[in-house]
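**Q** To start, I am sharing the structure in question, which I have written as C-alpha cells.
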Amino acid sequence: MSKEESCTGGLLQLAVPLILSNLAYTLLGTLDTIFMGRVGIIELGAVGVASALFLAVGVFLRGTVGAVMVVVAHSLGAGDKKRARRAFQHAIVLALLLSPLSLLVPKLFRVLFALVKPGKNVRSLALTYVAIRSWELPLGLVSKAISGFMLGAGDSRVPMFVSWVTVGVNMAANYVLVFGKLGFPALGLAGAAWGTVISHLVQTILYAAFVFGLYDQTFQLTRDFHFPNGREIKAMLRLGVPMGMAVSTDLTAFGIFMTLIARLGTVELAASQVASQLNDLAFMPAFAIGSATSSLVGRSLGEQNPRRAKEYGLAGLRVGMVMMGLLAAGYALCPQVFVLPFTKDVQVRALSCRLLKMVALYQVLDVIHLVFAGVLNGAGRTRFTGGVTLVCASIVFIPAAYLGAFVLGLGVWGAWAGPIIYVLCLVIIFGLCFRRGSWQAGWAPG
C-alpha cells in the first residue's frame with residue numbers, strides 16, 4: 001500500500017464515524033425545524049433564527065473545550081499518556097468553569113434581537129426557545145470534553161454511537177412534547193426545546209459510562225487528579241478559544257445573515273431557513289473531515305513526522321472534495337428530494353430548491369477551507385485560523401450580504417452571495433498558508 005493510500009485509509013477510518021456523529025449533532029436542531037414545519041411558518045422561521053444563533057454560541061464554548069483533542073493527539077503521538085490524562089482532567093474542569101455562562105445566553109439574545117429587529121412574533125418565540133435550550137449547555141460542554149479526548153485518542157466510533165442514540169431520544173421526546181402525546185400537554189415550540197435538553201442529558205450519561213468503562217484502565221483518568229492552575233487555564237484558553245471562535249464566527253455570521261433575510265419577507269425567511277438547515281447538514285461532514293485531519297496532523301507532529309502530517313492534509317483534501325462534491329451534485333441536480341421533508345408550502349419549497357444550488361457551490365469551497373484550517377489547528381496555529389475567520393466574517397460575509405440584498409436591491413439572491421465570497425476568501429488565505437509549510441515546524445502544547 002502506498003503512503004497516499006495509507007493516509008487516505010487512516011483518515012477515512014477516523015472521519016467516517018465522525019461524519020455520522022456530526023450529522024447526528026446537526027439533526028438535533030434539524031429535527032426541531034422539521035417538527036416546527038408541521039406547527040406553522042412563524043414557528044419554523046423562529047426556530048431557524050434561534051437555532052442558528054444558539055448553535056453558534058454552543059459551538060464557541062464546545063470548541064473551546066474540544067481543543068483537548070489536539071493536545072491528546074499530540075501527546076499520544078509523543079507517547080506521553082500522562083500528559084493525555086492530564087489534558088482530559090483539565091478539559092473536564094474547564095467545561096465546569098464555563099458552564100455558568102449558559103445563564104447569560106438568553107440576555108445575549110435579547111440584546112442581539114434589539115439590534116437586528118426581527119419580526120415581533122419571531123422574536124418572542126425565538127427567545128422562548130433559547131431560554132429553554134440554555135439548560136443543555138453545561139451538559140454539552142462535559143460531553144464535548146469527553147468526545148474530544150476520545151477523538152484525540154483515535155476513537156470516533158463511540159461518539160458516533162452516542163450521538164445517534166441522542167438523536168433517537170430527541171425524536172421521541174419532540175414527538176411527545178410538541179404534539180402532546182402520552183398524557184403530556186402539547187407544548188409546540190417549547191416542547192421541541194425541552195426535547196433537545198432531555199436528549200443532551202442522556203448523551204452526557206452515556207459518554208461518562210463509556211469513557212470510564214473503556215479508557216480508565218489504560219489512562220487511569222482520575223489518578224492524581226490535577227486541577228489546572230492559572231497558567232494552565234490560560235494555555236487551554238489560548239489554544240481553545242480561537243478554535244471555538246472560528247466555527248462560532250462562521251455560524252454567528254449565518255445567524256445574523258438569517259435575521260437580515262427576515263426583513264425580506266416570511267417566504268424568503270422560511271426558504272432560506274430550509275436551505276440553511278441543509279447547509280448545516282452538509283457542513284457537519286465537512287467539519288468532521290477537517291477535525292479528523294486535525295487529529296492526525298497533531299499526532300504526526302507529536303511523532304516528529306512533518307512529512308506525514310502534510311500527507312494527511314492532502315488526504316483530507318482528496319476525501320473532502322470527493323464526498324462533498326457528490327453531495328453538492330445531489331443538492332444542485334435533485335434539490336426537491338432534500339427540501340420535501342421540511343415544508344408543505346409550495347412557495348417556500350420552490351424558493352428553497354433554487355437556493356440549494358447556491359448551497360451546493362458553498363459546500364465544495366467550505367470543505368477545502370475546513371481541511372486547511374484543520375491542518376493548521378492540528379499544528380497549534382489556532383489563533384491564526386480563528387483571527388482570519390473573524391476578520392473575514394466581519395468585513396466580507398455580512399457586508400457583502402447586506403450590500404447584495406439591500407443596496408444593490410438583489411433581494412435573497414444578493415444576500416446569498418455573501419457566504420460564497422466569504423468562504424472563497426478563507427480558501428485562498430488558508431491554502432496559501434498550507435502551501436508555505438511553516439506550520440510543519442515543531443509545536444508543543446502549553
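Convention: chains lettered A, B, ... in C-alpha cells order; per-chain residue numbering from 1; ligands numbered from 1 as shown.
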Determine, counting only C-alpha atoms, which protein, DNA and RNA residues have an atom within 12 Å of an atom of Gln304 in chain A; residues of the same chain fewer than 3 positions away are not included. Present the result as a ChimeraX atom specification.
**A** /A:74-79,297-301,307-309,379,440-444
**Q** Please produce a file of those selected residues containing C-alpha atoms, as a CSV table (one decimal), in the first residue's frame.
**A**
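Heads up, here's the output in result-v2.csv:
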chain,number,residue,atom,x,y,z
A,74,HIS,CA,-0.1,15.3,20.1
A,75,SER,CA,0.6,13.7,23.5
A,76,LEU,CA,-0.1,10.2,22.3
A,77,GLY,CA,2.0,10.8,19.2
A,78,ALA,CA,4.8,11.6,21.5
A,79,GLY,CA,4.0,8.5,23.7
A,297,VAL,CA,-1.8,16.0,11.8
A,298,GLY,CA,-1.4,16.7,15.5
A,299,ARG,CA,-0.4,13.1,16.2
A,300,SER,CA,2.1,13.1,13.2
A,301,LEU,CA,3.7,16.3,14.5
A,307,ARG,CA,6.1,14.9,6.0
A,308,ARG,CA,3.4,12.5,7.3
A,309,ALA,CA,1.4,15.5,8.6
A,379,ALA,CA,-0.2,22.3,14.2
A,440,GLN,CA,5.2,21.9,9.9
A,441,ALA,CA,7.6,23.3,12.4
A,442,GLY,CA,7.6,21.6,15.8
A,443,TRP,CA,4.9,22.5,18.4
A,444,ALA,CA,4.4,21.6,22.0
**Q** Among range 73-171 of chain A, which residues does DSSP mark as alpha helix (DSSP H) when it is run on the backbone? Keep the chain and numbering as in the structure and answer as a PyMOL selection string.
**A** chain A and resi 73-77+81-98+105-116+120-133+137-152+157-171
**Q** Take the selection from the previous step and output its residues with C-alpha atoms, as a tab-separated table (two decimals), in the first residue's frame.
**A**
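Final file, out.tsv:
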chain	number	residue	atom	x	y	z
A	73	ALA	CA	-3.42	13.59	19.79
A	74	HIS	CA	-0.06	15.35	20.09
A	75	SER	CA	0.61	13.72	23.48
A	76	LEU	CA	-0.13	10.21	22.27
A	77	GLY	CA	1.96	10.80	19.15
A	81	LYS	CA	-0.09	9.03	28.34
A	82	LYS	CA	0.35	11.08	31.50
A	83	ARG	CA	0.02	14.33	29.57
A	84	ALA	CA	-3.03	12.93	27.75
A	85	ARG	CA	-4.63	12.05	31.10
A	86	ARG	CA	-3.95	15.49	32.48
A	87	ALA	CA	-5.43	17.07	29.33
A	88	PHE	CA	-8.64	15.10	29.95
A	89	GLN	CA	-8.80	16.24	33.57
A	90	HIS	CA	-8.20	19.86	32.61
A	91	ALA	CA	-10.88	19.71	29.90
A	92	ILE	CA	-13.49	18.47	32.40
A	93	VAL	CA	-12.60	21.27	34.81
A	94	LEU	CA	-12.72	23.84	32.02
A	95	ALA	CA	-16.17	22.56	30.96
A	96	LEU	CA	-17.46	23.08	34.50
A	97	LEU	CA	-15.87	26.53	34.76
A	98	LEU	CA	-17.53	27.65	31.52
A	105	VAL	CA	-27.20	33.34	26.80
A	106	PRO	CA	-30.86	34.50	26.95
A	107	LYS	CA	-29.70	38.03	27.82
A	108	LEU	CA	-27.24	37.98	24.91
A	109	PHE	CA	-30.04	37.08	22.53
A	110	ARG	CA	-32.28	39.87	23.81
A	111	VAL	CA	-29.53	42.39	23.06
A	112	LEU	CA	-28.88	40.90	19.62
A	113	PHE	CA	-32.56	40.90	18.65
A	114	ALA	CA	-32.85	44.51	19.80
A	115	LEU	CA	-30.13	45.38	17.27
A	116	VAL	CA	-31.24	43.32	14.27
A	120	LYS	CA	-42.18	40.68	16.87
A	121	ASN	CA	-43.69	37.18	16.74
A	122	VAL	CA	-40.42	35.65	15.56
A	123	ARG	CA	-38.53	37.44	18.35
A	124	SER	CA	-40.88	36.25	21.12
A	125	LEU	CA	-40.85	32.62	20.03
A	126	ALA	CA	-37.09	32.60	19.40
A	127	LEU	CA	-36.38	33.93	22.92
A	128	THR	CA	-38.59	31.24	24.45
A	129	TYR	CA	-36.72	28.56	22.51
A	130	VAL	CA	-33.28	29.89	23.53
A	131	ALA	CA	-34.19	30.29	27.22
A	132	ILE	CA	-35.08	26.60	27.44
A	133	ARG	CA	-32.19	25.26	25.37
A	137	LEU	CA	-25.07	23.92	27.55
A	138	PRO	CA	-23.36	22.54	30.71
A	139	LEU	CA	-24.26	19.01	29.60
A	140	GLY	CA	-22.91	19.68	26.11
A	141	LEU	CA	-19.61	21.01	27.44
A	142	VAL	CA	-18.91	17.93	29.56
A	143	SER	CA	-19.87	15.72	26.62
A	144	LYS	CA	-17.51	17.64	24.34
A	145	ALA	CA	-14.61	17.29	26.77
A	146	ILE	CA	-15.09	13.52	26.74
A	147	SER	CA	-15.65	13.16	23.00
A	148	GLY	CA	-12.65	15.43	22.29
A	149	PHE	CA	-10.47	13.15	24.41
A	150	MET	CA	-11.76	10.11	22.52
A	151	LEU	CA	-11.15	11.69	19.12
A	152	GLY	CA	-7.62	12.67	20.13
A	157	ARG	CA	-16.92	5.14	16.86
A	158	VAL	CA	-18.13	5.66	20.42
A	159	PRO	CA	-19.05	9.31	19.73
A	160	MET	CA	-20.92	8.13	16.65
A	161	PHE	CA	-22.96	5.62	18.65
A	162	VAL	CA	-23.71	8.06	21.45
A	163	SER	CA	-24.72	10.78	19.00
A	164	TRP	CA	-27.27	8.61	17.22
A	165	VAL	CA	-28.77	7.40	20.46
A	166	THR	CA	-29.13	11.07	21.37
A	167	VAL	CA	-30.96	11.73	18.09
A	168	GLY	CA	-33.35	8.85	18.79
A	169	VAL	CA	-34.12	10.21	22.24
A	170	ASN	CA	-34.60	13.71	20.81
A	171	MET	CA	-37.00	12.48	18.14
**Q** Let me make sure I understand: among A:Val176, A:Cys334, A:Ile395, A:Ala288, which one has the smallest atom-to-atom distance to Leu18 in chain A if we use only C-alpha atoms?
**A** A:Ala288
**Q** So that I can see what lies close to Leu177 in chain A, please list as a list in words the residues with an atom at most 8 Å from it, counting only C-alpha atoms and leaving out residues fewer than 6 positions away in the same chain.
**A**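 Residues near the query, excluding close chain neighbours: Phe184, Pro185, Ala186, Leu187, Gly188, Gly191, Ala192, Trp194 and Gly195 of chain A.
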**Q** Output N, CA and C atoms for every residue in that selection, as an mmCIF file, in the first residue's frame.
**A**
data_model
loop_
_atom_site.group_PDB
_atom_site.id
_atom_site.type_symbol
_atom_site.label_atom_id
_atom_site.label_comp_id
_atom_site.auth_asym_id
_atom_site.auth_seq_id
_atom_site.Cartn_x
_atom_site.Cartn_y
_atom_site.Cartn_z
ATOM 1 N N PHE A 184 -49.036 14.086 27.993
ATOM 2 C CA PHE A 184 -48.360 15.383 28.152
ATOM 3 C C PHE A 184 -49.118 16.459 27.375
ATOM 4 N N PRO A 185 -49.072 17.718 27.829
ATOM 5 C CA PRO A 185 -49.707 18.800 27.063
ATOM 6 C C PRO A 185 -48.913 19.098 25.792
ATOM 7 N N ALA A 186 -49.574 19.606 24.766
ATOM 8 C CA ALA A 186 -48.908 19.987 23.522
ATOM 9 C C ALA A 186 -48.181 21.315 23.743
ATOM 10 N N LEU A 187 -46.857 21.278 23.772
ATOM 11 C CA LEU A 187 -46.061 22.458 24.094
ATOM 12 C C LEU A 187 -45.551 23.195 22.857
ATOM 13 N N GLY A 188 -45.732 22.617 21.671
ATOM 14 C CA GLY A 188 -45.283 23.283 20.457
ATOM 15 C C GLY A 188 -43.792 23.551 20.450
ATOM 16 N N GLY A 191 -41.856 22.562 23.502
ATOM 17 C CA GLY A 191 -41.670 21.114 23.596
ATOM 18 C C GLY A 191 -40.459 20.644 22.813
ATOM 19 N N ALA A 192 -40.230 21.261 21.643
ATOM 20 C CA ALA A 192 -39.047 20.910 20.854
ATOM 21 C C ALA A 192 -37.767 21.263 21.615
ATOM 22 N N TRP A 194 -37.375 21.539 24.969
ATOM 23 C CA TRP A 194 -37.203 20.635 26.097
ATOM 24 C C TRP A 194 -36.785 19.247 25.631
ATOM 25 N N GLY A 195 -37.271 18.809 24.485
ATOM 26 C CA GLY A 195 -36.859 17.511 23.959
ATOM 27 C C GLY A 195 -35.365 17.451 23.693
#
**Q** Ranking A:Tyr362, A:Val348, A:Cys425, A:Leu296 by minimum distance to Gly265 in chain A and counting only C-alpha atoms, which one comes first?
**A**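 Under the stated criterion, the closest residue is A:Val348.
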**Q** Give me, as a VMD selection string, all polymer residues having an atom no more than 9 Å from Ala286 in chain A, counting only C-alpha atoms and skipping those fewer than 5 positions away in the same chain.
**A** chain A and resid 19 291 320 323 to 324 363 366 to 368 370 to 371
**Q** Output C-alpha atoms of each residue in that selection to a file, as an mmCIF file, in the first residue's frame.
**A**
data_model
loop_
_atom_site.group_PDB
_atom_site.id
_atom_site.type_symbol
_atom_site.label_atom_id
_atom_site.label_comp_id
_atom_site.auth_asym_id
_atom_site.auth_seq_id
_atom_site.Cartn_x
_atom_site.Cartn_y
_atom_site.Cartn_z
ATOM 1 C CA ILE A 19 -19.147 12.356 9.902
ATOM 2 C CA SER A 291 -11.428 17.524 12.532
ATOM 3 C CA GLY A 320 -13.368 16.085 1.318
ATOM 4 C CA MET A 323 -17.531 13.396 -0.586
ATOM 5 C CA MET A 324 -18.779 16.959 -0.663
ATOM 6 C CA GLN A 363 -20.130 23.349 0.292
ATOM 7 C CA ASP A 366 -16.218 25.077 2.502
ATOM 8 C CA VAL A 367 -14.723 21.590 2.772
ATOM 9 C CA ILE A 368 -11.464 22.870 1.249
ATOM 10 C CA LEU A 370 -12.123 23.329 6.700
ATOM 11 C CA VAL A 371 -9.378 20.865 5.753
#
**Q** Would you mind telling me which residue in A:Trp135, A:Tyr25, A:Phe35, A:Phe406 lies nearest to Thr343 in chain A when using only C-alpha atoms?
**A** A:Phe35
**Q** Residues at most 7 Å from Ala275 in chain A, counting only C-alpha atoms, excluding those fewer than 2 positions away in the same chain, as a list in words?
**A**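 Near neighbours after the sequence-gap exclusion: Ala271, Ser272, Gln273, Gln277, Leu278, Asn279, Ser352, Leu355 and Leu356 of chain A.
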**Q** For the residues in the current selection, export C-alpha atoms as a PDB file, in the first residue's frame.
**A**
ATOM      1  CA  ALA A 271     -36.962  29.163   2.348  1.00  0.00           C
ATOM      2  CA  SER A 272     -33.563  30.414   3.495  1.00  0.00           C
ATOM      3  CA  GLN A 273     -34.034  28.534   6.763  1.00  0.00           C
ATOM      4  CA  GLN A 277     -30.523  23.670   7.579  1.00  0.00           C
ATOM      5  CA  LEU A 278     -29.424  21.662   4.557  1.00  0.00           C
ATOM      6  CA  ASN A 279     -26.232  23.706   4.514  1.00  0.00           C
ATOM      7  CA  SER A 352     -35.708  26.557  -1.285  1.00  0.00           C
ATOM      8  CA  LEU A 355     -31.357  28.445  -3.171  1.00  0.00           C
ATOM      9  CA  LEU A 356     -29.968  24.945  -2.724  1.00  0.00           C
TER      10      LEU A 356
END
**Q** Which one of A:Cys392, A:Leu403, A:Ala173, A:Leu264 sits closest to Ala246 in chain A if you count only C-alpha atoms?
**A** A:Cys392
